[in-house]
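First comes the structure, then the notes that go with it.
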Amino acid sequence: MNTATRGIFLGIFAILLISSSIPVDAQIESPKKQVKQGIALEEIQCKTGLELVIRNNGNPACVIENTAEKMKMLGIAFNPTPASKSENQIKSIPASSDSIVNFYITDHDLNLAHGGVEIIETDGLLEFTINGETIPGPETMIETGPNTGQFYVKLELPDTVNGKQISQDDIILVKYLDQSDSAGEQRVLVKSVKLSKTFAKVETAGGGSRIGHEFTLRIYEPDANRDSKEVDRISLNLFEFRGEGGIRTTLANPKFDANSAFLLETGPNSNTFEVKIKIPREVDGKPIHIGDKYEIRYIDRSTPSNTDEKIIFNGRIG
């Protein structure tokens, strides 16, 4: 092996050695950042050697085992049970302020009358908090059908908590005290839900800033997913384009050269809809210039808050 080859080999070996020394979990973000990314509290990951606890104020923390034990002994935090370690689970339907949150709890241990529908008192089983403040919940939960082992919980949200108005991005935490799971152990199951006025979200992919170049317009809109087995669609007439110089039109305008008259769902039950369009040079005789700002607006008329909410994508012509 000559000197040059040996040098290259040693350089590659050094890179591999350095890479292998980087901890596997080095990329795990802090609990706070994970929450901002939309990760549910109960699904937050901690670095090796740290344990996830949920403080009584609803905030997650990754702490060492001794600290976790002290916090639990003092009653200021608890461990959520990962879904992978329990056959029982909690599911929820997203919610907004001034509305109702629907929870579904699966626990076959509560299914005693296999031929009928169980009605279970929630006292000692369920706890509800908003930003760490306890709120009253329903007195009972009802099985969804004979022998299903799944129970429906209807939580009506208050307007205020301790005199403070509930607002968007507040977090509801439901804690289910599973008295005996499949392993015969007591566990705490949790589910966090962030309040929102609307769940629709508009974004673009593959461009969207250059005149005459095709790009994908995408919207996440669960309310438009009416058939879980078939592909749904949203009319382009529901999307308004606003540009400088008084431009007002919809994406159904042929100038956008859309590949479809609709945003088509990307697959059965995906909740995501797409269409390919182009930014034209002019609309209805009004020119579009490089550097112009534009908006694509969608009105979500089936929000959980029962209000019409404007979803706006802001762009600039490159």
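As shown in the structure tokens, the chain order sets the letters A, B, ...; within each chain, residues go from 1, and ligands are also counted from 1 in the order they appear.
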
Review point. Leaving out region 56-62 of chain A and any residue of its chain fewer than 5 positions from it, which residues lie within 9 Å of it when counting only C-alpha atoms, given as a PyMOL selection string?
Key: chain A and resi 30-32+35+41-42+44-47+50-51+68+75-78+129-133+171-173+192

Among region 164-297 of chain A, which residues does DSSP mark as strand (DSSP E or B) when it is run on the backbone? Keep the chain and numbering as in the structure and answer as a VMD selection string.
chain A and resid 164 to 165 171 to 178 187 to 194 201 to 205 211 214 to 220 233 to 235 239 to 243 247 to 250 262 to 265 272 to 279 282 to 283 286 to 287 293 to 297

For region 106-116 of chain A, work out the shell of residues within 7 Å, counting only C-alpha atoms and skipping chain neighbours fewer than 2 positions away, then give it as an NGL selection string.
:A and (88-90 or 104 or 118 or 146-147 or 149-151)

Suppose we keep C-alpha atoms; can you now write the selection as an mmCIF file, in the first residue's frame?
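So out09.cif came out as:
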data_model
loop_
_atom_site.group_PDB
_atom_site.id
_atom_site.type_symbol
_atom_site.label_atom_id
_atom_site.label_comp_id
_atom_site.auth_asym_id
_atom_site.auth_seq_id
_atom_site.Cartn_x
_atom_site.Cartn_y
_atom_site.Cartn_z
ATOM 1 C CA ASN A 88 -55.094 -1.214 26.995
ATOM 2 C CA GLN A 89 -55.069 2.161 25.308
ATOM 3 C CA ILE A 90 -56.635 5.603 25.035
ATOM 4 C CA TYR A 104 -62.138 6.019 23.717
ATOM 5 C CA GLU A 118 -71.234 -1.851 30.412
ATOM 6 C CA PRO A 146 -71.734 -5.526 23.635
ATOM 7 C CA ASN A 147 -68.413 -7.246 24.335
ATOM 8 C CA GLY A 149 -64.144 -3.671 25.751
ATOM 9 C CA GLN A 150 -63.958 -0.124 24.376
ATOM 10 C CA PHE A 151 -65.528 2.695 26.395
#

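Distances from A:Phe273, A:Tyr294, A:Phe103, A:Phe239 to Thr216 (chain A) were compared using only C-alpha atoms, and the smallest one belongs to A:Phe273.
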
- Query: Which of region 19-237 of chain A counts as alpha helix (DSSP H) under DSSP, as a list in words please?
  - Reply: Ser19, Ser20, Pro31, Lys32, Lys33, Gln34, Val35, Lys36, Glu65, Asn66, Thr67, Ala68, Glu69, Lys70, Met71, Lys72 and Met73 of chain A

Please produce an output containing C-alpha atoms for each residue in the selection, written as a PDB file, in the first residue's frame.
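After the write, again.pdb holds the following:
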ATOM      1  CA  SER A  19     -19.089   8.431  13.716  1.00  0.00           C
ATOM      2  CA  SER A  20     -19.270   5.274  15.787  1.00  0.00           C
ATOM      3  CA  PRO A  31     -39.087  17.261  25.710  1.00  0.00           C
ATOM      4  CA  LYS A  32     -40.010  20.924  25.161  1.00  0.00           C
ATOM      5  CA  LYS A  33     -38.882  20.829  21.535  1.00  0.00           C
ATOM      6  CA  GLN A  34     -40.661  17.522  20.944  1.00  0.00           C
ATOM      7  CA  VAL A  35     -43.918  19.049  22.217  1.00  0.00           C
ATOM      8  CA  LYS A  36     -43.462  22.013  19.841  1.00  0.00           C
ATOM      9  CA  GLU A  65     -34.169   7.409  37.809  1.00  0.00           C
ATOM     10  CA  ASN A  66     -33.559   8.674  41.361  1.00  0.00           C
ATOM     11  CA  THR A  67     -35.114  12.041  40.564  1.00  0.00           C
ATOM     12  CA  ALA A  68     -38.085  10.355  38.927  1.00  0.00           C
ATOM     13  CA  GLU A  69     -38.682   8.228  42.027  1.00  0.00           C
ATOM     14  CA  LYS A  70     -38.509  11.276  44.312  1.00  0.00           C
ATOM     15  CA  MET A  71     -40.940  13.214  42.132  1.00  0.00           C
ATOM     16  CA  LYS A  72     -43.400  10.316  42.159  1.00  0.00           C
ATOM     17  CA  MET A  73     -43.085   9.875  45.939  1.00  0.00           C
TER      18      MET A  73
END

Env of Ile142 (chain A): 9 Å cut, atoms = only C-alpha atoms, seq-sep filter 3 positions within chain, self excluded. Answer as a CSV table (one decimal) with C-alpha atoms, in the first residue's frame.
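Result went into result_3.csv, see below:
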chain,number,residue,atom,x,y,z
A,117,VAL,CA,-73.2,-2.8,27.3
A,118,GLU,CA,-71.2,-1.9,30.4
A,119,ILE,CA,-71.6,1.5,32.1
A,120,ILE,CA,-68.6,2.2,34.3
A,121,GLU,CA,-68.2,4.9,37.0
A,145,GLY,CA,-71.2,-2.1,22.2
A,150,GLN,CA,-64.0,-0.1,24.4
A,151,PHE,CA,-65.5,2.7,26.4
A,152,TYR,CA,-66.7,6.1,25.2
A,153,VAL,CA,-65.8,9.1,27.4
